[in-house]
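Peer 1: As input, take coords_0.csv (CSV, C-alpha atoms and all ligand atoms):
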chain,number,residue,atom,x,y,z
J,1250,MET,CA,130.7,-46.6,-43.5
J,1251,PHE,CA,128.8,-44.4,-41.0
J,1252,SER,CA,130.6,-41.3,-42.2
J,1253,PHE,CA,129.7,-42.2,-45.8
J,1254,ILE,CA,126.0,-42.4,-44.8
J,1255,LYS,CA,126.4,-39.1,-42.9
J,1256,ASP,CA,128.0,-37.4,-45.9
J,1257,TYR,CA,125.4,-38.7,-48.2
J,1258,TYR,CA,122.6,-37.6,-45.9
J,1259,GLN,CA,124.2,-34.1,-45.6
J,1260,HIS,CA,124.6,-33.8,-49.4
J,1261,LEU,CA,120.9,-34.8,-49.8
J,1262,LEU,CA,119.8,-32.0,-47.5
J,1263,ALA,CA,122.1,-29.3,-48.8
J,1264,PRO,CA,120.3,-26.3,-50.3
J,1265,ASN,CA,121.3,-24.9,-53.7
J,1266,GLU,CA,120.8,-21.6,-55.6
J,1267,ALA,CA,117.7,-22.9,-57.4
J,1268,ILE,CA,115.7,-22.8,-54.3
J,1269,ASN,CA,113.3,-19.9,-53.6
J,1270,ASP,CA,110.8,-21.3,-51.1
J,1271,SER,CA,110.2,-24.2,-48.7
J,1272,LYS,CA,108.3,-26.3,-51.2
J,1273,GLU,CA,111.1,-26.1,-53.7
J,1274,TYR,CA,113.6,-27.1,-51.0
J,1275,ARG,CA,111.4,-30.2,-50.1
J,1276,ARG,CA,111.2,-31.0,-53.8
J,1277,LEU,CA,115.0,-30.7,-54.2
J,1278,ILE,CA,115.7,-33.2,-51.4
J,1279,LEU,CA,113.0,-35.6,-52.7
J,1280,VAL,CA,114.2,-35.4,-56.3
J,1281,ARG,CA,117.8,-36.1,-55.3
J,1282,PHE,CA,116.7,-39.0,-53.1
J,1283,ILE,CA,114.3,-40.5,-55.6
J,1284,LEU,CA,116.6,-40.1,-58.6
J,1285,GLY,CA,119.5,-41.7,-56.6
J,1286,VAL,CA,117.4,-44.7,-55.4
J,1287,THR,CA,115.7,-45.2,-58.8
J,1288,ALA,CA,119.0,-45.1,-60.7
J,1289,SER,CA,120.6,-47.6,-58.3
J,1290,LEU,CA,117.6,-50.0,-58.2
J,1291,LEU,CA,117.2,-50.0,-62.0
J,1292,LEU,CA,120.8,-50.7,-62.5
J,1293,PHE,CA,120.6,-53.5,-59.9
J,1294,PHE,CA,117.5,-55.0,-61.6
J,1295,SER,CA,119.0,-54.8,-65.1
J,1296,PHE,CA,122.0,-56.8,-63.7
J,1297,ILE,CA,119.7,-59.4,-62.1
J,1298,HIS,CA,117.6,-59.7,-65.2
J,1299,THR,CA,120.7,-60.2,-67.4
J,1300,PHE,CA,122.9,-62.4,-65.3
J,1301,VAL,CA,121.1,-64.0,-62.3
J,1302,LEU,CA,117.5,-65.0,-63.1
J,1303,VAL,CA,117.0,-68.4,-64.5
J,1304,GLU,CA,114.9,-67.1,-67.3
J,1305,PRO,CA,116.5,-63.8,-68.0
J,1306,SER,CA,114.4,-61.3,-69.8
J,1307,LYS,CA,116.6,-59.2,-72.1
J,1308,VAL,CA,113.8,-56.8,-72.8
J,1309,VAL,CA,113.2,-56.0,-69.1
J,1310,ALA,CA,117.0,-55.8,-68.6
J,1311,LEU,CA,117.2,-53.3,-71.4
J,1312,ILE,CA,114.3,-51.2,-70.1
J,1313,ASP,CA,115.9,-51.2,-66.6
J,1314,PHE,CA,119.2,-50.2,-68.0
J,1315,LEU,CA,117.8,-47.4,-70.1
J,1316,GLY,CA,115.8,-46.2,-67.1
J,1317,ALA,CA,119.0,-46.2,-64.9
J,1318,LEU,CA,120.8,-44.2,-67.6
J,1319,ALA,CA,118.0,-41.6,-67.8
J,1320,THR,CA,117.7,-41.1,-64.1
J,1321,ALA,CA,121.5,-41.0,-63.6
J,1322,PHE,CA,121.6,-38.3,-66.4
J,1323,ALA,CA,118.8,-36.4,-64.6
J,1324,LEU,CA,120.8,-36.6,-61.3
J,1325,ILE,CA,124.0,-35.3,-62.9
J,1326,ASN,CA,122.0,-32.6,-64.7
J,1327,LEU,CA,120.4,-31.5,-61.4
J,1328,LYS,CA,123.9,-31.1,-59.9
J,1329,THR,CA,125.3,-29.1,-62.8
J,1330,VAL,CA,122.3,-27.1,-64.2
J,1331,GLN,CA,120.4,-27.0,-61.0
J,1332,LYS,CA,117.0,-27.2,-62.7
J,1333,ILE,CA,114.8,-29.1,-60.3
J,1334,ASP,CA,111.9,-29.1,-62.7
J,1335,GLN,CA,113.9,-30.6,-65.5
J,1336,ALA,CA,115.4,-33.3,-63.4
J,1337,ALA,CA,112.0,-34.2,-61.9
J,1338,PHE,CA,110.5,-34.4,-65.4
J,1339,ILE,CA,113.3,-36.7,-66.8
J,1340,GLY,CA,113.2,-38.9,-63.7
J,1341,THR,CA,109.4,-39.2,-63.7
J,1342,THR,CA,109.2,-39.9,-67.4
J,1343,SER,CA,111.8,-42.7,-67.1
J,1344,LEU,CA,110.0,-44.1,-64.1
J,1345,LEU,CA,106.6,-43.9,-65.9
J,1346,LEU,CA,108.0,-46.0,-68.8
J,1347,PHE,CA,109.6,-48.4,-66.3
J,1348,PHE,CA,106.4,-48.9,-64.3
J,1349,ILE,CA,104.2,-49.3,-67.4
J,1350,SER,CA,106.6,-51.9,-68.8
J,1351,PHE,CA,106.7,-53.5,-65.4
J,1352,VAL,CA,102.8,-53.9,-65.3
J,1353,TYR,CA,102.8,-55.2,-68.8
J,1354,LEU,CA,105.6,-57.8,-68.3
J,1355,ASN,CA,105.1,-58.8,-64.7
J,1356,GLN,CA,101.3,-59.1,-65.0
J,1357,ASN,CA,99.8,-60.7,-61.9
J,1358,ASP,CA,102.9,-62.4,-60.8
J,1359,SER,CA,103.7,-62.8,-57.0
J,1360,PHE,CA,101.9,-59.8,-55.8
J,1361,GLY,CA,104.3,-57.6,-57.8
J,1362,LEU,CA,101.5,-55.1,-58.7
J,1363,ILE,CA,101.9,-53.7,-55.2
J,1364,TRP,CA,104.8,-51.6,-56.5
J,1365,THR,CA,102.5,-49.6,-58.7
J,1366,ILE,CA,101.3,-47.5,-55.8
J,1367,PHE,CA,104.7,-45.9,-55.6
J,1368,PHE,CA,104.4,-44.1,-58.9
J,1369,PRO,CA,101.7,-41.6,-58.1
J,1370,ILE,CA,103.4,-40.9,-54.7
J,1371,ILE,CA,106.7,-40.1,-56.4
J,1372,ALA,CA,105.1,-38.3,-59.4
J,1373,LEU,CA,103.0,-36.0,-57.2
J,1374,THR,CA,105.7,-35.2,-54.7
J,1375,ILE,CA,108.6,-34.4,-57.0
J,1376,ASN,CA,106.7,-32.6,-59.7
J,1377,THR,CA,104.5,-29.5,-59.6
J,1378,THR,CA,101.1,-30.6,-58.5
J,1379,HIS,CA,99.6,-30.1,-62.0
J,1380,ARG,CA,102.3,-32.0,-63.8
J,1381,GLY,CA,102.4,-34.7,-61.1
J,1382,LEU,CA,98.6,-35.3,-61.6
J,1383,ILE,CA,99.0,-35.6,-65.4
J,1384,PHE,CA,101.8,-38.2,-64.9
J,1385,SER,CA,99.7,-40.1,-62.4
J,1386,LEU,CA,96.6,-40.1,-64.7
J,1387,LEU,CA,98.7,-41.3,-67.6
J,1388,PHE,CA,99.9,-44.1,-65.5
J,1389,LEU,CA,96.4,-44.9,-64.3
J,1390,ILE,CA,95.1,-45.0,-67.9
J,1391,ALA,CA,98.0,-47.3,-69.0
J,1392,THR,CA,97.6,-49.6,-66.0
J,1393,SER,CA,93.8,-49.8,-66.5
J,1394,VAL,CA,94.1,-50.7,-70.2
J,1395,ILE,CA,96.8,-53.3,-69.7
J,1396,SER,CA,95.2,-54.9,-66.6
J,1397,PHE,CA,91.7,-54.8,-68.3
J,1398,GLN,CA,93.0,-56.7,-71.2
J,1399,GLY,CA,94.6,-59.2,-68.7
J,1400,ILE,CA,91.2,-60.1,-67.2
J,1401,GLY,CA,90.9,-63.9,-67.4
J,1402,GLU,CA,94.4,-64.2,-68.8
J,1403,TRP,CA,96.7,-63.1,-66.0
J,1404,GLN,CA,95.9,-66.3,-64.1
J,1405,ASN,CA,99.2,-66.7,-62.2
J,1406,GLY,CA,97.0,-66.0,-59.2
J,1407,ILE,CA,93.4,-65.3,-60.1
J,1408,TRP,CA,93.0,-62.1,-62.2
J,1409,ASP,CA,89.3,-61.4,-62.4
J,1410,LEU,CA,87.2,-58.3,-62.7
J,1411,LYS,CA,87.4,-57.9,-58.9
J,1412,SER,CA,91.2,-57.9,-58.9
J,1413,PHE,CA,91.2,-55.4,-61.8
J,1414,LEU,CA,88.9,-53.1,-59.8
J,1415,ARG,CA,90.9,-53.4,-56.6
J,1416,LEU,CA,94.1,-52.4,-58.3
J,1417,ASN,CA,92.7,-49.5,-60.3
J,1418,VAL,CA,90.4,-48.1,-57.6
J,1419,ALA,CA,93.3,-48.3,-55.1
J,1420,LEU,CA,95.5,-46.5,-57.6
J,1421,SER,CA,92.9,-43.8,-58.2
J,1422,MET,CA,92.5,-43.4,-54.4
J,1423,ILE,CA,96.2,-42.9,-54.0
J,1424,ILE,CA,96.3,-40.4,-56.8
J,1425,LEU,CA,93.4,-38.5,-55.2
J,1426,ILE,CA,94.9,-38.5,-51.7
J,1427,MET,CA,98.3,-37.4,-53.0
J,1428,TYR,CA,96.8,-34.7,-55.2
J,1429,ILE,CA,94.7,-33.3,-52.3
J,1430,HIS,CA,97.8,-33.5,-50.1
J,1431,GLU,CA,99.9,-31.5,-52.6
J,1432,VAL,CA,97.1,-28.9,-53.2
J,1433,ALA,CA,96.8,-28.5,-49.4
J,1434,MET,CA,100.6,-28.0,-49.2
J,1435,ASP,CA,100.4,-25.4,-51.9
J,1436,LYS,CA,97.6,-23.6,-50.2
J,1437,ALA,CA,99.3,-23.8,-46.8
J,1438,GLN,CA,102.5,-22.4,-48.3
J,1439,LYS,CA,100.6,-19.5,-49.9
J,1440,TYR,CA,98.9,-18.8,-46.6
J,1441,GLU,CA,102.2,-18.8,-44.8
J,1442,GLN,CA,103.7,-16.5,-47.4
J,1443,ASP,CA,100.7,-14.1,-47.1
J,1444,SER,CA,101.1,-14.0,-43.3
J,1445,LEU,CA,104.8,-13.4,-43.7
J,1446,SER,CA,104.2,-10.4,-46.1
J,1447,VAL,CA,101.7,-9.0,-43.5
J,1448,LEU,CA,104.4,-9.4,-40.8
J,1449,GLU,CA,107.0,-7.8,-43.1
J,1450,GLU,CA,104.6,-5.0,-43.9
J,1451,LEU,CA,104.0,-4.4,-40.2
J,1452,SER,CA,107.7,-4.5,-39.3
J,1453,LEU,CA,108.7,-2.0,-42.0
J,1454,ASN,CA,105.8,0.5,-42.0
J,1455,ASP,CA,104.4,2.7,-39.3
J,1456,ALA,CA,101.2,1.2,-37.8
J,1457,LEU,CA,99.4,4.5,-37.5
J,1458,THR,CA,100.3,6.3,-40.8
J,1459,GLY,CA,101.3,3.4,-43.0
J,1460,ILE,CA,104.4,5.2,-44.2
J,1461,ALA,CA,107.9,3.8,-43.7
J,1462,ASN,CA,108.8,3.4,-40.0
J,1463,ARG,CA,112.1,4.3,-38.5
J,1464,ARG,CA,113.6,0.9,-39.0
J,1465,ARG,CA,112.9,0.9,-42.7
J,1466,ILE,CA,114.1,4.5,-43.0
J,1467,ASN,CA,117.4,3.5,-41.3
J,1468,ASN,CA,117.9,0.7,-43.9
J,1469,LEU,CA,117.1,3.0,-46.7
J,1470,LEU,CA,119.4,5.7,-45.3
J,1471,ASP,CA,122.2,3.1,-45.0
J,1472,ASN,CA,121.7,2.1,-48.7
J,1473,GLU,CA,121.6,5.7,-49.9
J,1474,TYR,CA,124.7,6.6,-47.9
J,1475,GLU,CA,126.6,3.6,-49.4
J,1476,ARG,CA,125.5,4.6,-52.9
J,1477,ALA,CA,126.5,8.2,-52.4
J,1478,GLN,CA,129.9,7.2,-51.1
J,1479,ARG,CA,130.6,4.7,-53.8
J,1480,TYR,CA,129.3,6.6,-56.9
J,1481,GLN,CA,129.8,10.2,-55.6
J,1482,THR,CA,126.2,11.0,-56.2
J,1483,PRO,CA,124.4,13.7,-54.2
J,1484,PHE,CA,121.6,12.9,-51.8
J,1485,SER,CA,119.7,15.0,-49.3
J,1486,ILE,CA,117.4,14.5,-46.4
J,1487,VAL,CA,114.7,16.6,-44.9
J,1488,LEU,CA,113.5,16.4,-41.3
J,1489,PHE,CA,110.1,18.1,-40.7
J,1490,ASP,CA,107.9,18.5,-37.7
J,1491,ILE,CA,104.3,19.7,-37.2
J,1492,ASP,CA,104.2,23.1,-35.6
J,1493,HIS,CA,102.4,23.3,-32.2
J,1494,PHE,CA,101.1,19.8,-32.5
J,1495,LYS,CA,100.6,19.6,-28.8
J,1496,LYS,CA,98.0,22.3,-29.1
J,1497,ILE,CA,96.1,20.2,-31.7
J,1498,ASN,CA,96.1,17.2,-29.3
J,1499,ASP,CA,95.1,19.5,-26.3
J,1500,THR,CA,92.3,21.3,-28.3
J,1501,TYR,CA,90.8,18.5,-30.3
J,1502,GLY,CA,91.9,15.3,-28.5
J,1503,HIS,CA,94.3,12.5,-29.4
J,1504,LEU,CA,92.0,10.9,-32.0
J,1505,VAL,CA,92.0,14.1,-34.1
J,1506,GLY,CA,95.8,14.3,-33.5
J,1507,ASP,CA,96.2,10.8,-34.9
J,1508,ASN,CA,94.0,11.5,-37.9
J,1509,THR,CA,96.0,14.6,-38.6
J,1510,LEU,CA,99.2,12.6,-38.6
J,1511,LYS,CA,97.6,10.1,-41.0
J,1512,LYS,CA,96.3,12.7,-43.4
J,1513,LEU,CA,99.5,14.6,-43.4
J,1514,SER,CA,101.5,11.4,-44.2
J,1515,LYS,CA,99.1,10.6,-47.0
J,1516,LEU,CA,99.4,14.2,-48.4
J,1517,VAL,CA,103.2,14.2,-48.4
J,1518,ASN,CA,103.4,10.7,-49.8
J,1519,GLU,CA,101.2,11.7,-52.7
J,1520,THR,CA,103.2,14.9,-53.3
J,1521,ILE,CA,106.7,13.4,-53.5
J,1522,ARG,CA,108.2,11.4,-56.5
J,1523,LYS,CA,108.2,7.6,-56.6
J,1524,THR,CA,112.0,7.6,-56.0
J,1525,GLU,CA,111.6,9.7,-52.9
J,1526,ILE,CA,110.6,8.3,-49.5
J,1527,VAL,CA,108.8,9.8,-46.6
J,1528,GLY,CA,108.9,8.1,-43.2
J,1529,ARG,CA,107.9,8.7,-39.6
J,1530,TRP,CA,111.0,9.6,-37.7
J,1531,GLY,CA,109.1,9.6,-34.4
J,1532,GLY,CA,106.0,11.3,-32.8
J,1533,GLU,CA,105.1,14.2,-35.0
J,1534,GLU,CA,108.5,14.3,-36.8
J,1535,PHE,CA,109.0,13.0,-40.3
J,1536,ILE,CA,111.9,12.5,-42.6
J,1537,LEU,CA,112.2,12.6,-46.4
J,1538,ILE,CA,115.0,10.8,-48.3
J,1539,LEU,CA,115.8,12.5,-51.6
J,1540,PRO,CA,118.2,10.4,-53.7
J,1541,GLU,CA,120.2,12.1,-56.5
J,1542,THR,CA,119.2,15.5,-55.0
J,1543,ASN,CA,121.6,18.3,-54.1
J,1544,ILE,CA,120.9,20.9,-51.4
J,1545,ASN,CA,119.3,23.4,-53.9
J,1546,SER,CA,116.8,20.8,-55.1
J,1547,GLY,CA,116.3,19.5,-51.6
J,1548,PHE,CA,115.3,23.0,-50.5
J,1549,LEU,CA,112.8,23.3,-53.4
J,1550,VAL,CA,111.2,19.9,-52.6
J,1551,ALA,CA,110.8,20.9,-48.9
J,1552,GLU,CA,109.5,24.3,-49.8
J,1553,LYS,CA,106.9,22.8,-52.2
J,1554,ILE,CA,105.7,20.4,-49.5
J,1555,ARG,CA,105.6,23.2,-46.9
J,1556,LYS,CA,103.4,25.3,-49.2
J,1557,ILE,CA,101.0,22.4,-50.0
J,1558,ILE,CA,100.6,21.6,-46.3
J,1559,SER,CA,99.9,25.1,-45.3
J,1560,LYS,CA,97.3,25.6,-48.1
J,1561,THR,CA,95.5,22.3,-47.4
J,1562,LYS,CA,92.4,22.4,-45.4
J,1563,PHE,CA,92.4,19.7,-42.7
J,1564,LYS,CA,88.7,19.4,-42.0
J,1565,ASP,CA,89.0,18.4,-38.3
J,1566,LEU,CA,91.1,21.6,-37.6
J,1567,ARG,CA,89.8,25.2,-37.5
J,1568,ASP,CA,93.3,26.7,-38.3
J,1569,SER,CA,95.6,25.7,-41.0
J,1570,LEU,CA,98.4,23.1,-40.3
J,1571,THR,CA,102.0,24.1,-40.7
J,1572,CYS,CA,105.3,22.3,-40.5
J,1573,SER,CA,108.9,23.4,-40.1
J,1574,PHE,CA,111.7,21.8,-42.2
J,1575,GLY,CA,115.4,21.2,-41.9
J,1576,VAL,CA,117.4,20.2,-45.0
J,1577,SER,CA,121.0,18.8,-45.2
J,1578,GLU,CA,123.0,17.3,-48.0
J,1579,TYR,CA,125.4,14.3,-47.8
J,1580,GLN,CA,129.0,15.6,-47.9
J,1581,GLN,CA,132.1,13.4,-48.5
J,1582,GLY,CA,133.7,12.6,-45.1
J,1583,PHE,CA,130.7,13.1,-43.0
J,1584,SER,CA,128.8,10.2,-41.3
J,1585,LEU,CA,125.2,9.4,-41.6
J,1586,ASP,CA,124.6,10.5,-38.0
J,1587,GLU,CA,126.2,13.8,-38.8
J,1588,LEU,CA,124.0,14.3,-41.8
J,1589,ILE,CA,120.9,13.7,-39.7
J,1590,GLU,CA,122.3,15.9,-36.9
J,1591,GLN,CA,122.7,18.7,-39.5
J,1592,ALA,CA,119.1,18.4,-40.7
J,1593,ASP,CA,118.0,18.4,-37.1
J,1594,GLN,CA,119.9,21.6,-36.4
J,1595,ALA,CA,118.4,23.2,-39.5
J,1596,LEU,CA,114.9,22.1,-38.3
J,1597,TYR,CA,115.6,23.5,-34.9
J,1598,LYS,CA,116.6,26.8,-36.5
J,1599,ALA,CA,113.3,26.9,-38.5
J,1600,LYS,CA,111.4,26.4,-35.3
J,1601,GLU,CA,113.4,29.1,-33.5
J,1602,ASN,CA,113.0,31.6,-36.4
J,1603,GLY,CA,109.2,31.4,-36.3
J,1604,ARG,CA,108.2,28.0,-37.7
J,1605,ASN,CA,106.4,27.3,-41.1
J,1606,MET,CA,109.7,27.6,-42.9
J,1607,VAL,CA,112.5,25.6,-44.6
J,1608,THR,CA,116.0,26.0,-43.2
J,1609,VAL,CA,119.0,24.5,-45.0
J,1610,TYR,CA,122.0,23.5,-43.0
J,1611,GLY,CA,125.0,25.7,-43.7
J,1612,HIS,CA,123.3,27.8,-46.4
J,1613,LYS,CA,122.1,31.1,-44.9
J,1614,GLU,CA,120.7,32.4,-48.3
J,1615,TYR,CA,118.0,29.7,-48.2
J,1616,ASN,CA,116.7,30.5,-44.8
J,1617,VAL,CA,113.6,32.2,-46.2
J,1618,GLU,CA,110.2,32.6,-44.7
J,1701,LIG,N1,97.9,12.2,-31.3
J,1701,LIG,C1,99.2,11.9,-31.3
J,1701,LIG,N2,100.0,12.7,-30.7
J,1701,LIG,C2,101.4,12.4,-30.8
J,1701,LIG,C3,101.8,11.2,-31.3
J,1701,LIG,N3,103.2,11.2,-31.2
J,1701,LIG,C4,103.5,12.4,-30.5
J,1701,LIG,N4,102.4,13.1,-30.3
J,1701,LIG,C5,102.3,14.4,-29.5
J,1701,LIG,O1,103.0,15.4,-30.2
J,1701,LIG,C6,103.3,16.4,-29.3
J,1701,LIG,C7,104.6,17.0,-29.6
J,1701,LIG,O2,104.8,18.1,-28.8
J,1701,LIG,P1,106.1,19.0,-28.8
J,1701,LIG,O3,107.3,18.2,-28.9
J,1701,LIG,O4,106.0,20.0,-27.6
J,1701,LIG,O5,106.0,19.8,-30.1
J,1701,LIG,P2,104.9,20.8,-30.7
J,1701,LIG,O6,103.7,21.0,-29.8
J,1701,LIG,O7,104.6,20.3,-32.1
J,1701,LIG,O8,105.7,22.1,-30.8
J,1701,LIG,P3,106.8,22.5,-31.8
J,1701,LIG,O9,107.4,21.2,-32.4
J,1701,LIG,O10,107.8,23.3,-31.1
J,1701,LIG,O11,106.2,23.3,-32.9
J,1701,LIG,C8,103.2,15.8,-27.9
J,1701,LIG,O12,102.0,16.3,-27.3
J,1701,LIG,C9,103.0,14.3,-28.2
J,1701,LIG,O13,102.1,13.7,-27.2
J,1701,LIG,C10,100.9,10.4,-31.9
J,1701,LIG,O14,101.2,9.3,-32.5
J,1701,LIG,N5,99.6,10.7,-31.9
Represent the structure from my file as structure tokens, please.
Peer 2:
Amino acid sequence: MFSFIKDYYQHLLAPNEAINDSKEYRRLILVRFILGVTASLLLFFSFIHTFVLVEPSKVVALIDFLGALATAFALINLKTVQKIDQAAFIGTTSLLLFFISFVYLNQNDSFGLIWTIFFPIIALTINTTHRGLIFSLLFLIATSVISFQGIGEWQNGIWDLKSFLRLNVALSMIILIMYIHEVAMDKAQKYEQDSLSVLEELSLNDALTGIANRRRINNLLDNEYERAQRYQTPFSIVLFDIDHFKKINDTYGHLVGDNTLKKLSKLVNETIRKTEIVGRWGGEEFILILPETNINSGFLVAEKIRKIISKTKFKDLRDSLTCSFGVSEYQQGFSLDELIEQADQALYKAKENGRNMVTVYGHKEYNVE
């Protein structure tokens, strides 16, 4: 018995593919639970109304039975099609019809109207806030009309204007509270998602320059390497480093040094194509990932950037800014570390040979000034 309850509970909480955020997950659990309970209760009541009650009401039994069928269908549909919205809609519609018939038939009998408070709670928690509100207002209107017509007639217990107002004002209050609750949940979730995107942004981009940080670059390199291995497509990388950057810091101060890094990053970012990525590799060293690019094109890209940088006037600096570049291309059988090492060696050579130049790993003819 306990293991059955445990299994059921686990099934209730199990996530599925339709979920894309925490509110959806909450809805899925509630929809499963409410549909399950509703289908069982309606089946139970239809049985009671048919076979047990002294004055069996066949109409109520039929309504209960149809409601049970609809919710059971919604539950099965949820399991197979995994559309939470659809299941919630079918379930809420059948509950709406059930509750309206209940108010109409039960009238003011034995405090039974207390059950009506459940409808807005269910409608607003398992549907989207907007749709839940529409369902709740429909129910409120129907209940108001039926109970208003009952004034002076529902006298199994006094049903006067005061009773009418108590029921309908209480229902309106519940709808309002639940609606505000759901709106607050939506807003809180949006706030949480915004904070998460800010955190994600911070964890993937360099705080100073705003371009990709080393972590993001490593992920992108892994992906590109995978792709090149699988589809035999070329890809190249470029490591580049500001020439004599220490002198800039020493002459103008760190603040100007930082601004220079920012401006340079922006300049390169605006120069490259959308499919290419520039990242901060560390300090004043940068990296370019060039998908679908062989060594010849890689050289041309680096050369173009080198020229643009050396021709750009950085207004904080008296002299022009230059960078040295090392290019390498992915070769079958070489690791990612080796690819980076090759670009690093090429960059080292560019520095050694006088700076402000592009050097290509393993291709002497490109080592131009
Ligand atoms: N302002 C600033 N300076 C940085 C930052 N990161 C690294 N640096 C500085 O960059 C300088 C790098 O110096 P070096 O490695 O000697 O290289 P370099 O002076 O550029 O000389 P070469 O690379 O040989 O042309 C150091 O002075 C670091 O302090 C940063 O985020 N901001």
Peer 1: What residues of the protein or nucleic acid chains come within 6 Å of ligand LIG 1701 (chain J) when you use only C-alpha atoms and all ligand atoms? Reply as a PyMOL selection string.
Peer 2: chain J and resi 1490-1496+1498+1503+1506-1507+1532-1533
Peer 1: With distances taken over all atoms listed in the file, which of J:Asp1568, J:Asp1435, J:Asp1256, J:Asp1313 is nearest to Phe1347 in chain J?
Peer 2: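 For Phe1347 in chain J, the nearest of the candidates is J:Asp1313.
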Peer 1: I'd like to know which of J:Thr1608, J:Thr1287, J:Ser1306, J:Ser1546 is closest to Ala1323 in chain J, using all atoms listed in the file.
Peer 2: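 Going through J:Thr1608, J:Thr1287, J:Ser1306, J:Ser1546 one by one, the smallest distance to Ala1323 in chain J is for J:Thr1287.
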Peer 1: Please measure the separation of CA of Phe1282 in chain J and CA of Val1301 in chain J, giving the value in Å to one decimal.
Peer 2: 27.0 Å
Peer 1: What's the separation between CA of Phe1300 in chain J and CA of Ala1317 in chain J, in Å to one decimal place?
Peer 2: 16.7 Å
Peer 1: Quick one: of J:Ile1538, J:Ala1337, J:Val1280, J:Val1527, who's nearest to Asn1462 in chain J, counting all atoms listed in the file?
Peer 2: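 Among J:Ile1538, J:Ala1337, J:Val1280, J:Val1527, it is J:Val1527 that comes nearest to Asn1462 in chain J.
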Peer 1: Closest to Glu1266 in chain J among J:Val1609, J:Leu1327, J:Val1576, J:Met1427, using all atoms listed in the file?
Peer 2: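 Nearest to Glu1266 in chain J: J:Leu1327.
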Peer 1: Rounded to one decimal in Å, what is the spacing between CA of Ser1584 in chain J and CA of Arg1529 in chain J?
Peer 2: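 Result for CA of Ser1584 in chain J versus CA of Arg1529 in chain J: 21.0 Å, one decimal.
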Peer 1: Looking at J:Arg1380, J:Arg1567, J:Lys1553, J:Lys1439, which one is nearest to Gln1335 in chain J, with distances taken over all atoms listed in the file?
Peer 2: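 Going through J:Arg1380, J:Arg1567, J:Lys1553, J:Lys1439 one by one, the smallest distance to Gln1335 in chain J is for J:Arg1380.
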Peer 1: Would you list the residues near (114.5, -44.2, -55.2) (no more than 12 Å away, in the coordinates of the file, using all atoms listed in the file) as JSON, numbers by chain?
Peer 2: {"J": [1278, 1279, 1280, 1281, 1282, 1283, 1284, 1285, 1286, 1287, 1288, 1289, 1290, 1291, 1292, 1317, 1320, 1321, 1324, 1340, 1341, 1344, 1367, 1368, 1370, 1371, 1372, 1375]}
Peer 1: Residues near Ile1312 in chain J, anyone? I mean within 12 Å using only C-alpha atoms, not counting same-chain ones fewer than 5 positions away, as an mmCIF file with C-alpha atoms, keeping the file's coordinate frame.
Peer 2:
data_model
loop_
_atom_site.group_PDB
_atom_site.id
_atom_site.type_symbol
_atom_site.label_atom_id
_atom_site.label_comp_id
_atom_site.auth_asym_id
_atom_site.auth_seq_id
_atom_site.Cartn_x
_atom_site.Cartn_y
_atom_site.Cartn_z
ATOM 1 C CA LEU J 1291 117.200 -50.000 -62.000
ATOM 2 C CA LEU J 1292 120.800 -50.700 -62.500
ATOM 3 C CA PHE J 1294 117.500 -55.000 -61.600
ATOM 4 C CA SER J 1295 119.000 -54.800 -65.100
ATOM 5 C CA PHE J 1296 122.000 -56.800 -63.700
ATOM 6 C CA HIS J 1298 117.600 -59.700 -65.200
ATOM 7 C CA THR J 1299 120.700 -60.200 -67.400
ATOM 8 C CA SER J 1306 114.400 -61.300 -69.800
ATOM 9 C CA LYS J 1307 116.600 -59.200 -72.100
ATOM 10 C CA ALA J 1317 119.000 -46.200 -64.900
ATOM 11 C CA LEU J 1318 120.800 -44.200 -67.600
ATOM 12 C CA ALA J 1319 118.000 -41.600 -67.800
ATOM 13 C CA SER J 1343 111.800 -42.700 -67.100
ATOM 14 C CA LEU J 1344 110.000 -44.100 -64.100
ATOM 15 C CA LEU J 1345 106.600 -43.900 -65.900
ATOM 16 C CA LEU J 1346 108.000 -46.000 -68.800
ATOM 17 C CA PHE J 1347 109.600 -48.400 -66.300
ATOM 18 C CA PHE J 1348 106.400 -48.900 -64.300
ATOM 19 C CA ILE J 1349 104.200 -49.300 -67.400
ATOM 20 C CA SER J 1350 106.600 -51.900 -68.800
ATOM 21 C CA PHE J 1351 106.700 -53.500 -65.400
ATOM 22 C CA LEU J 1354 105.600 -57.800 -68.300
#
Peer 1: List the residues sitting within 10 Å of (96.1, -43.5, -57.1) in the file's frame, using all atoms listed in the file, as a ChimeraX atom specification.
Peer 2: /J:1365-1370,1382,1385-1386,1388-1389,1416-1428
Peer 1: If you count only C-alpha atoms, which residues fall within 12 Å of Gln1398 in chain J, apart from same-chain ones fewer than 3 positions away, as a list in words?
Peer 2: Val1352, Tyr1353, Gln1356, Ala1391, Thr1392, Ser1393, Val1394, Ile1395, Gly1401, Glu1402, Trp1403, Trp1408, Asp1409, Leu1410 and Phe1413 of chain J
Peer 1: Leaving out Leu1588 in chain J and any residue of its chain fewer than 3 positions from it, which residues lie within 9 Å of it when counting all atoms listed in the file, given as a list in words?
Peer 2: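 Listing them by chain and then by number gives Ser1485, Ile1486, Ser1577, Glu1578, Tyr1579, Gln1580, Phe1583, Ser1584, Leu1585, Gln1591, Ala1592 and Asp1593 of chain J.
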Peer 1: Can you tell me which residues surround Lys1560 in chain J at a distance of at most 8 Å, considering all atoms listed in the file, apart from same-chain residues fewer than 3 positions away, and format the answer as a short mmCIF file (atom, residue, chain, number, x, y, z; two decimals) with C-alpha atoms, in the coordinates of the input?
Peer 2:
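The new file selection_13.cif reads:
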data_model
loop_
_atom_site.label_atom_id
_atom_site.label_comp_id
_atom_site.auth_asym_id
_atom_site.auth_seq_id
_atom_site.Cartn_x
_atom_site.Cartn_y
_atom_site.Cartn_z
CA LYS J 1556 103.40 25.30 -49.20
CA ILE J 1557 101.00 22.40 -50.00
CA SER J 1569 95.60 25.70 -41.00
#
